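As provided, start15.json (JSON, C-alpha atoms) reads as follows.
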[["chain", "number", "residue", "atom", "x", "y", "z"],
["L", 1, "MET", "CA", -97.00, 107.93, 90.94],
["L", 2, "SER", "CA", -93.44, 106.85, 91.62],
["L", 3, "ALA", "CA", -90.38, 109.07, 91.51],
["L", 4, "THR", "CA", -86.66, 108.47, 91.43],
["L", 5, "VAL", "CA", -85.13, 110.08, 94.49],
["L", 6, "TYR", "CA", -81.45, 110.56, 95.22],
["L", 7, "VAL", "CA", -80.51, 110.53, 98.90],
["L", 8, "GLY", "CA", -77.10, 111.60, 100.18],
["L", 9, "LEU", "CA", -75.67, 109.68, 103.13],
["L", 10, "GLY", "CA", -72.88, 110.88, 105.41],
["L", 11, "SER", "CA", -71.25, 109.80, 108.66],
["L", 12, "ASN", "CA", -68.25, 111.01, 110.64],
["L", 13, "GLU", "CA", -68.66, 109.34, 114.03],
["L", 14, "GLY", "CA", -67.80, 105.79, 115.05],
["L", 15, "ASP", "CA", -67.77, 103.10, 112.37],
["L", 16, "ARG", "CA", -68.74, 105.37, 109.49],
["L", 17, "GLU", "CA", -69.21, 102.61, 106.92],
["L", 18, "ALA", "CA", -71.33, 100.53, 109.29],
["L", 19, "HIS", "CA", -73.60, 103.54, 109.85],
["L", 20, "LEU", "CA", -74.04, 103.98, 106.08],
["L", 21, "VAL", "CA", -74.77, 100.27, 105.64],
["L", 22, "ALA", "CA", -77.33, 100.38, 108.47],
["L", 23, "ALA", "CA", -79.05, 103.38, 106.88],
["L", 24, "LEU", "CA", -79.10, 101.69, 103.47],
["L", 25, "SER", "CA", -80.59, 98.57, 105.03],
["L", 26, "ALA", "CA", -83.25, 100.64, 106.81],
["L", 27, "MET", "CA", -84.15, 102.46, 103.58],
["L", 28, "SER", "CA", -84.55, 99.12, 101.80],
["L", 29, "CYS", "CA", -87.27, 98.20, 104.34],
["L", 30, "ILE", "CA", -89.45, 101.29, 103.80],
["L", 31, "ASP", "CA", -92.88, 100.43, 102.36],
["L", 32, "ALA", "CA", -93.50, 102.09, 98.97],
["L", 33, "VAL", "CA", -89.74, 102.54, 98.44],
["L", 34, "ALA", "CA", -87.27, 100.40, 96.48],
["L", 35, "VAL", "CA", -83.49, 100.81, 96.42],
["L", 36, "LEU", "CA", -82.38, 101.12, 92.80],
["L", 37, "GLY", "CA", -78.65, 101.50, 93.33],
["L", 38, "CYS", "CA", -75.86, 103.02, 95.34],
["L", 39, "SER", "CA", -72.68, 104.92, 94.56],
["L", 40, "SER", "CA", -69.17, 104.23, 95.69],
["L", 41, "LEU", "CA", -68.00, 105.54, 99.05],
["L", 42, "TYR", "CA", -66.21, 108.88, 99.29],
["L", 43, "ASP", "CA", -64.04, 110.18, 102.12],
["L", 44, "SER", "CA", -64.30, 113.97, 102.52],
["L", 45, "ALA", "CA", -63.24, 116.89, 104.66],
["L", 46, "PRO", "CA", -66.04, 118.28, 106.84],
["L", 47, "VAL", "CA", -67.95, 121.48, 106.09],
["L", 48, "GLY", "CA", -68.34, 123.69, 109.15],
["L", 49, "PRO", "CA", -66.60, 123.35, 112.52],
["L", 50, "ALA", "CA", -63.46, 121.25, 113.05],
["L", 51, "GLN", "CA", -64.44, 117.58, 113.29],
["L", 52, "PRO", "CA", -63.55, 114.14, 111.89],
["L", 53, "ARG", "CA", -63.68, 113.41, 108.15],
["L", 54, "PHE", "CA", -66.93, 112.20, 106.59],
["L", 55, "LEU", "CA", -67.73, 109.08, 104.65],
["L", 56, "ASN", "CA", -70.34, 109.82, 101.97],
["L", 57, "ALA", "CA", -72.42, 108.00, 99.37],
["L", 58, "VAL", "CA", -75.61, 108.49, 97.36],
["L", 59, "VAL", "CA", -78.48, 106.02, 97.04],
["L", 60, "ALA", "CA", -81.10, 106.04, 94.28],
["L", 61, "LEU", "CA", -84.59, 105.14, 95.45],
["L", 62, "GLU", "CA", -87.88, 104.59, 93.68],
["L", 63, "SER", "CA", -90.54, 106.11, 95.91],
["L", 64, "GLU", "CA", -94.30, 106.37, 95.89],
["L", 65, "LEU", "CA", -94.23, 108.55, 99.00],
["L", 66, "SER", "CA", -94.52, 112.33, 99.10],
["L", 67, "PRO", "CA", -91.24, 114.19, 99.64],
["L", 68, "GLN", "CA", -92.38, 115.29, 103.10],
["L", 69, "ARG", "CA", -93.34, 111.74, 104.13],
["L", 70, "LEU", "CA", -90.02, 110.33, 102.92],
["L", 71, "LEU", "CA", -88.15, 113.08, 104.81],
["L", 72, "CYS", "CA", -90.03, 112.17, 107.99],
["L", 73, "ILE", "CA", -89.02, 108.51, 107.60],
["L", 74, "LEU", "CA", -85.40, 109.40, 106.82],
["L", 75, "GLN", "CA", -85.23, 111.56, 109.94],
["L", 76, "ARG", "CA", -86.60, 108.67, 111.99],
["L", 77, "ILE", "CA", -83.88, 106.41, 110.56],
["L", 78, "GLU", "CA", -81.29, 109.02, 111.57],
["L", 79, "GLN", "CA", -82.73, 109.10, 115.08],
["L", 80, "ASP", "CA", -82.82, 105.29, 115.32],
["L", 81, "LEU", "CA", -79.15, 105.16, 114.26],
["L", 82, "GLY", "CA", -78.09, 107.56, 117.01],
["L", 83, "ARG", "CA", -78.19, 110.97, 115.30],
["L", 84, "ARG", "CA", -78.32, 113.80, 117.82],
["L", 85, "ARG", "CA", -78.74, 117.36, 116.56],
["L", 86, "LEU", "CA", -76.52, 119.21, 119.04],
["L", 87, "GLN", "CA", -74.57, 121.57, 116.74],
["L", 88, "HIS", "CA", -75.37, 122.97, 113.29],
["L", 89, "TRP", "CA", -73.11, 121.15, 110.79],
["L", 90, "GLY", "CA", -71.61, 119.25, 113.73],
["L", 91, "PRO", "CA", -70.44, 115.63, 113.92],
["L", 92, "ARG", "CA", -73.07, 112.94, 113.32],
["L", 93, "THR", "CA", -73.46, 109.19, 113.21],
["L", 94, "ILE", "CA", -75.64, 109.50, 110.13],
["L", 95, "ASP", "CA", -76.98, 112.24, 107.90],
["L", 96, "LEU", "CA", -79.61, 111.52, 105.23],
["L", 97, "ASP", "CA", -80.44, 114.31, 102.77],
["L", 98, "ILE", "CA", -82.82, 114.28, 99.83],
["L", 99, "LEU", "CA", -80.65, 115.71, 97.04],
["L", 100, "LEU", "CA", -82.88, 115.44, 93.96],
["L", 101, "TRP", "CA", -86.47, 114.36, 93.35],
["L", 102, "ASP", "CA", -86.85, 113.26, 89.73],
["L", 103, "GLU", "CA", -90.59, 113.59, 89.14],
["L", 104, "GLU", "CA", -92.08, 116.18, 86.81],
["L", 105, "ASP", "CA", -94.54, 117.81, 89.23],
["L", 106, "ARG", "CA", -92.36, 117.49, 92.37],
["L", 107, "SER", "CA", -88.82, 118.18, 91.17],
["L", 108, "VAL", "CA", -88.78, 121.37, 93.26],
["L", 109, "VAL", "CA", -89.98, 121.39, 96.87],
["L", 110, "ALA", "CA", -89.74, 124.52, 98.99],
["L", 111, "ASP", "CA", -91.29, 124.44, 102.41],
["L", 112, "ALA", "CA", -90.19, 125.13, 105.97],
["L", 113, "ASN", "CA", -88.79, 121.62, 106.52],
["L", 114, "LEU", "CA", -87.59, 120.54, 103.08],
["L", 115, "GLN", "CA", -85.78, 122.10, 100.12],
["L", 116, "VAL", "CA", -85.40, 119.98, 96.98],
["L", 117, "PRO", "CA", -83.10, 120.10, 95.19],
["L", 118, "HIS", "CA", -80.84, 120.35, 98.23],
["L", 119, "LEU", "CA", -79.88, 124.02, 98.55],
["L", 120, "GLU", "CA", -76.13, 123.32, 98.73],
["L", 121, "LEU", "CA", -75.96, 120.46, 96.21],
["L", 122, "HIS", "CA", -74.27, 122.50, 93.45],
["L", 123, "LYS", "CA", -71.44, 123.49, 95.86],
["L", 124, "ARG", "CA", -70.61, 120.10, 97.35],
["L", 125, "ARG", "CA", -68.27, 117.69, 95.62],
["L", 126, "PHE", "CA", -68.90, 115.09, 98.36],
["L", 127, "ALA", "CA", -72.50, 114.91, 97.10],
["L", 128, "LEU", "CA", -71.94, 115.51, 93.37],
["L", 129, "GLU", "CA", -69.18, 112.88, 92.91],
["L", 130, "PRO", "CA", -71.32, 109.95, 94.12],
["L", 131, "LEU", "CA", -74.47, 111.38, 92.52],
["L", 132, "SER", "CA", -72.69, 111.57, 89.18],
["L", 133, "GLU", "CA", -71.99, 107.82, 89.35],
["L", 134, "LEU", "CA", -75.72, 107.12, 89.53],
["L", 135, "ALA", "CA", -77.24, 109.94, 87.49],
["L", 136, "PRO", "CA", -74.72, 112.02, 85.51],
["L", 137, "ARG", "CA", -77.46, 113.26, 83.15],
["L", 138, "ALA", "CA", -79.98, 114.11, 85.87],
["L", 139, "ARG", "CA", -80.87, 117.77, 85.55],
["L", 140, "HIS", "CA", -80.86, 120.25, 88.41],
["L", 141, "PRO", "CA", -84.40, 121.62, 88.05],
["L", 142, "VAL", "CA", -83.50, 125.14, 89.22],
["L", 143, "LEU", "CA", -80.11, 125.65, 87.58],
["L", 144, "GLY", "CA", -81.07, 123.75, 84.40],
["L", 145, "VAL", "CA", -77.76, 121.88, 84.07],
["L", 146, "THR", "CA", -76.84, 118.23, 84.55],
["L", 147, "VAL", "CA", -75.09, 116.73, 87.55],
["L", 148, "ARG", "CA", -72.07, 116.08, 85.31],
["L", 149, "GLU", "CA", -71.99, 119.78, 84.30],
["L", 150, "LEU", "CA", -72.28, 120.91, 87.93],
["L", 151, "LEU", "CA", -69.39, 118.66, 88.88],
["L", 152, "ALA", "CA", -67.23, 119.93, 85.99],
["L", 153, "LYS", "CA", -67.73, 123.56, 87.12],
["L", 154, "LEU", "CA", -66.87, 122.87, 90.77],
["L", 155, "ALA", "CA", -63.50, 123.87, 92.20],
["L", 156, "PRO", "CA", -61.38, 121.04, 93.64],
["L", 157, "GLN", "CA", -62.31, 119.94, 97.15],
["L", 158, "ASP", "CA", -60.85, 117.38, 99.55],
["L", 159, "VAL", "CA", -62.96, 114.41, 98.40],
["L", 160, "ARG", "CA", -61.62, 111.01, 97.35],
["L", 161, "LYS", "CA", -63.12, 107.65, 96.52],
["L", 162, "ARG", "CA", -62.58, 105.04, 99.21],
["L", 163, "GLU", "CA", -62.57, 101.26, 99.02],
["L", 164, "ALA", "CA", -65.55, 99.66, 100.74],
["L", 165, "LEU", "CA", -65.37, 96.88, 103.29],
["L", 166, "CYS", "CA", -69.07, 95.98, 103.52],
["L", 167, "TRP", "CA", -70.85, 98.63, 101.40],
["L", 168, "PRO", "CA", -72.41, 97.09, 98.25],
["L", 169, "ASP", "CA", -70.60, 97.48, 94.96],
["L", 170, "VAL", "CA", -71.91, 100.05, 92.51],
["L", 171, "GLY", "CA", -74.63, 98.31, 90.53],
["L", 172, "ALA", "CA", -75.21, 95.67, 93.23],
["L", 173, "ARG", "CA", -78.48, 93.75, 93.06],
["L", 174, "PHE", "CA", -81.21, 94.79, 95.48],
["L", 175, "PRO", "CA", -83.06, 94.45, 97.85],
["L", 176, "VAL", "CA", -80.34, 94.84, 100.46],
["L", 177, "HIS", "CA", -82.37, 94.44, 103.65],
["L", 178, "GLU", "CA", -80.35, 91.36, 104.55],
["L", 179, "LEU", "CA", -77.15, 93.46, 104.97]]
Starting from the coordinates I provided, produce the structure as structure tokens.
Amino acid sequence: MSATVYVGLGSNEGDREAHLVAALSAMSCIDAVAVLGCSSLYDSAPVGPAQPRFLNAVVALESELSPQRLLCILQRIEQDLGRRRLQHWGPRTIDLDILLWDEEDRSVVADANLQVPHLELHKRRFALEPLSELAPRARHPVLGVTVRELLAKLAPQDVRKREALCWPDVGARFPVHEL
């Protein structure tokens, strides 16, 4: 059974946009996964220790994989793109987080390695702004409110839309593996 999955992307080292494009391209090559769409890019202040600003986006995927299997593949993509886990909430070339899993029997996942919906989603404008472009009416399965409602309740944060150089336009046609 396929599910719609929303994955948050972030980068704050090197060519941030190129890292996001490389991750999007890698996701488009995963068997049993199709890229449905991507948000705009957002520039945001970091959470945690002092470090460079992040570039963020959200990608909608159609997946026939289990949440745990998709997480394993996303972590491999991070590793292949140079992610090193040296400091909690530290700088990174790429960060890929499963934000929401829109499938009736798997909308909530709670195990040692994966929490869906993402535990901090409702607090993070850098994730909610791009997610709201793709799925404003998607419902947070624990809080019972839509992404649009979560965003409306959130206090202002240092997040702003940024023009893309090579990131696909919102609503771009897929597959994107030729990026």
Who sits within 12 Å of region 118-124 of chain L, all atoms listed in the file, same chain under 4 positions skipped, as an mmCIF file with C-alpha atoms, keeping the file's coordinate frame:
data_model
loop_
_atom_site.group_PDB
_atom_site.id
_atom_site.type_symbol
_atom_site.label_atom_id
_atom_site.label_comp_id
_atom_site.auth_asym_id
_atom_site.auth_seq_id
_atom_site.Cartn_x
_atom_site.Cartn_y
_atom_site.Cartn_z
ATOM 1 C CA VAL L 5 -85.130 110.080 94.490
ATOM 2 C CA TYR L 6 -81.450 110.560 95.220
ATOM 3 C CA VAL L 7 -80.510 110.530 98.900
ATOM 4 C CA GLY L 8 -77.100 111.600 100.180
ATOM 5 C CA SER L 44 -64.300 113.970 102.520
ATOM 6 C CA ALA L 45 -63.240 116.890 104.660
ATOM 7 C CA PRO L 46 -66.040 118.280 106.840
ATOM 8 C CA VAL L 47 -67.950 121.480 106.090
ATOM 9 C CA ASN L 56 -70.340 109.820 101.970
ATOM 10 C CA LEU L 96 -79.610 111.520 105.230
ATOM 11 C CA ASP L 97 -80.440 114.310 102.770
ATOM 12 C CA ILE L 98 -82.820 114.280 99.830
ATOM 13 C CA LEU L 99 -80.650 115.710 97.040
ATOM 14 C CA LEU L 100 -82.880 115.440 93.960
ATOM 15 C CA TRP L 101 -86.470 114.360 93.350
ATOM 16 C CA SER L 107 -88.820 118.180 91.170
ATOM 17 C CA VAL L 108 -88.780 121.370 93.260
ATOM 18 C CA VAL L 109 -89.980 121.390 96.870
ATOM 19 C CA ALA L 110 -89.740 124.520 98.990
ATOM 20 C CA ASP L 111 -91.290 124.440 102.410
ATOM 21 C CA ASN L 113 -88.790 121.620 106.520
ATOM 22 C CA LEU L 114 -87.590 120.540 103.080
ATOM 23 C CA LEU L 128 -71.940 115.510 93.370
ATOM 24 C CA GLU L 129 -69.180 112.880 92.910
ATOM 25 C CA PRO L 130 -71.320 109.950 94.120
ATOM 26 C CA LEU L 131 -74.470 111.380 92.520
ATOM 27 C CA SER L 132 -72.690 111.570 89.180
ATOM 28 C CA ARG L 139 -80.870 117.770 85.550
ATOM 29 C CA HIS L 140 -80.860 120.250 88.410
ATOM 30 C CA PRO L 141 -84.400 121.620 88.050
ATOM 31 C CA VAL L 142 -83.500 125.140 89.220
ATOM 32 C CA LEU L 143 -80.110 125.650 87.580
ATOM 33 C CA GLY L 144 -81.070 123.750 84.400
ATOM 34 C CA VAL L 145 -77.760 121.880 84.070
ATOM 35 C CA THR L 146 -76.840 118.230 84.550
ATOM 36 C CA VAL L 147 -75.090 116.730 87.550
ATOM 37 C CA ARG L 148 -72.070 116.080 85.310
ATOM 38 C CA GLU L 149 -71.990 119.780 84.300
ATOM 39 C CA LEU L 150 -72.280 120.910 87.930
ATOM 40 C CA LEU L 151 -69.390 118.660 88.880
ATOM 41 C CA ALA L 152 -67.230 119.930 85.990
ATOM 42 C CA LYS L 153 -67.730 123.560 87.120
ATOM 43 C CA LEU L 154 -66.870 122.870 90.770
ATOM 44 C CA ALA L 155 -63.500 123.870 92.200
ATOM 45 C CA PRO L 156 -61.380 121.040 93.640
ATOM 46 C CA GLN L 157 -62.310 119.940 97.150
ATOM 47 C CA ASP L 158 -60.850 117.380 99.550
ATOM 48 C CA VAL L 159 -62.960 114.410 98.400
#
Tell me, as a list in words, which residues lie within 12 Å of Glu64 (chain L), counting all atoms listed in the file; anything in the same chain fewer than 6 positions away does not count.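 Within the cut-off, the hits are Met1, Ser2, Ala3, Thr4, Val5, Ile30, Asp31, Ala32, Val33, Ala34, Leu70, Trp101, Asp102, Glu103 and Arg106 of chain L.
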Separation of CA of Val58 (chain L) from CA of Asp95 (chain L), in Å and rounded to one decimal: 11.3 Å
Just to confirm, what's the straight-line distance from CA of Val116 (chain L) to CA of Arg53 (chain L) in Å (one decimal)?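 A separation of 25.3 Å between them.
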Coordinates-based distance that separates CA of Leu61 (chain L) from CA of Met27 (chain L) (Å, one decimal):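 Interatomic distance here is 8.6 Å.
The nearest approach to Ala127 (chain L) among the residues L:Leu41, L:Ala23, L:Cys72, L:Leu165, with all atoms listed in the file taken into account, belongs to L:Leu41.
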Can you list, as a list in words, every protein, DNA or RNA residue that comes within 7 Å of Val170 (chain L) when you count all atoms listed in the file, leaving out same-chain residues fewer than 3 positions away? Gly37, Cys38, Ser39 and Ser40 of chain L
Under the rule that only C-alpha atoms are counted, which of L:Arg16, L:Leu134, L:Asp169, L:Gln115 is the nearest residue to Gln68 (chain L)? L:Gln115
Given all atoms listed in the file as the counted atoms, nearest of L:Glu13, L:Glu62, L:Glu78, L:Glu163 to Tyr42 (chain L):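 Nearest to Tyr42 (chain L): L:Glu163.
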How would region 38-71 of chain L read, as a tab-separated table (two decimals), keeping the file's coordinate frame, once N, CA and C atoms are built in?
chain	number	residue	atom	x	y	z
L	38	CYS	N	-76.65	102.19	94.43
L	38	CYS	CA	-75.86	103.02	95.34
L	38	CYS	C	-74.53	103.34	94.68
L	39	SER	N	-73.98	104.46	95.08
L	39	SER	CA	-72.68	104.92	94.56
L	39	SER	C	-71.55	104.23	95.31
L	40	SER	N	-70.36	104.58	94.92
L	40	SER	CA	-69.17	104.23	95.69
L	40	SER	C	-69.15	105.06	96.97
L	41	LEU	N	-68.21	104.75	97.84
L	41	LEU	CA	-68.00	105.54	99.05
L	41	LEU	C	-66.95	106.62	98.79
L	42	TYR	N	-67.14	107.77	99.43
L	42	TYR	CA	-66.21	108.88	99.29
L	42	TYR	C	-65.84	109.41	100.66
L	43	ASP	N	-64.56	109.61	100.89
L	43	ASP	CA	-64.04	110.18	102.12
L	43	ASP	C	-63.86	111.68	101.87
L	44	SER	N	-64.37	112.54	102.78
L	44	SER	CA	-64.30	113.97	102.52
L	44	SER	C	-64.05	114.77	103.79
L	45	ALA	N	-63.46	115.94	103.57
L	45	ALA	CA	-63.24	116.89	104.66
L	45	ALA	C	-64.60	117.44	105.09
L	46	PRO	N	-64.76	117.75	106.37
L	46	PRO	CA	-66.04	118.28	106.84
L	46	PRO	C	-66.27	119.72	106.38
L	47	VAL	N	-67.55	120.10	106.30
L	47	VAL	CA	-67.95	121.48	106.09
L	47	VAL	C	-68.39	121.98	107.46
L	48	GLY	N	-67.95	123.16	107.85
L	48	GLY	CA	-68.34	123.69	109.15
L	48	GLY	C	-67.23	123.58	110.17
L	49	PRO	N	-67.60	123.37	111.45
L	49	PRO	CA	-66.60	123.35	112.52
L	49	PRO	C	-65.63	122.18	112.40
L	50	ALA	N	-64.47	122.31	113.05
L	50	ALA	CA	-63.46	121.25	113.05
L	50	ALA	C	-64.07	119.98	113.63
L	51	GLN	N	-63.88	118.87	112.91
L	51	GLN	CA	-64.44	117.58	113.29
L	51	GLN	C	-63.83	116.49	112.42
L	52	PRO	N	-64.11	115.22	112.71
L	52	PRO	CA	-63.55	114.14	111.89
L	52	PRO	C	-64.06	114.18	110.44
L	53	ARG	N	-63.31	113.51	109.57
L	53	ARG	CA	-63.68	113.41	108.15
L	53	ARG	C	-64.98	112.62	108.00
L	54	PHE	N	-65.68	112.88	106.90
L	54	PHE	CA	-66.93	112.20	106.59
L	54	PHE	C	-66.71	111.06	105.61
L	55	LEU	N	-67.59	110.08	105.68
L	55	LEU	CA	-67.73	109.08	104.65
L	55	LEU	C	-69.09	109.33	104.02
L	56	ASN	N	-69.12	109.45	102.68
L	56	ASN	CA	-70.34	109.82	101.97
L	56	ASN	C	-70.66	108.84	100.86
L	57	ALA	N	-71.94	108.79	100.50
L	57	ALA	CA	-72.42	108.00	99.37
L	57	ALA	C	-73.77	108.59	98.96
L	58	VAL	N	-74.27	108.12	97.82
L	58	VAL	CA	-75.61	108.49	97.36
L	58	VAL	C	-76.34	107.20	97.00
L	59	VAL	N	-77.62	107.16	97.35
L	59	VAL	CA	-78.48	106.02	97.04
L	59	VAL	C	-79.63	106.51	96.17
L	60	ALA	N	-79.93	105.75	95.13
L	60	ALA	CA	-81.10	106.04	94.28
L	60	ALA	C	-82.26	105.18	94.77
L	61	LEU	N	-83.38	105.83	95.00
L	61	LEU	CA	-84.59	105.14	95.45
L	61	LEU	C	-85.71	105.36	94.44
L	62	GLU	N	-86.60	104.39	94.36
L	62	GLU	CA	-87.88	104.59	93.68
L	62	GLU	C	-88.90	104.72	94.80
L	63	SER	N	-89.64	105.83	94.80
L	63	SER	CA	-90.54	106.11	95.91
L	63	SER	C	-91.93	106.49	95.43
L	64	GLU	N	-92.92	105.97	96.12
L	64	GLU	CA	-94.30	106.37	95.89
L	64	GLU	C	-94.79	107.31	96.99
L	65	LEU	N	-93.90	107.66	97.90
L	65	LEU	CA	-94.23	108.55	99.00
L	65	LEU	C	-94.10	110.01	98.57
L	66	SER	N	-94.73	110.90	99.32
L	66	SER	CA	-94.52	112.33	99.10
L	66	SER	C	-93.13	112.69	99.61
L	67	PRO	N	-92.55	113.77	99.12
L	67	PRO	CA	-91.24	114.19	99.64
L	67	PRO	C	-91.25	114.41	101.15
L	68	GLN	N	-92.31	115.02	101.67
L	68	GLN	CA	-92.38	115.29	103.10
L	68	GLN	C	-92.47	114.00	103.92
L	69	ARG	N	-93.22	113.02	103.41
L	69	ARG	CA	-93.34	111.74	104.13
L	69	ARG	C	-92.00	111.00	104.13
L	70	LEU	N	-91.32	110.99	102.98
L	70	LEU	CA	-90.02	110.33	102.92
L	70	LEU	C	-89.04	111.03	103.86
L	71	LEU	N	-89.04	112.36	103.89
L	71	LEU	CA	-88.15	113.08	104.81
L	71	LEU	C	-88.42	112.67	106.25
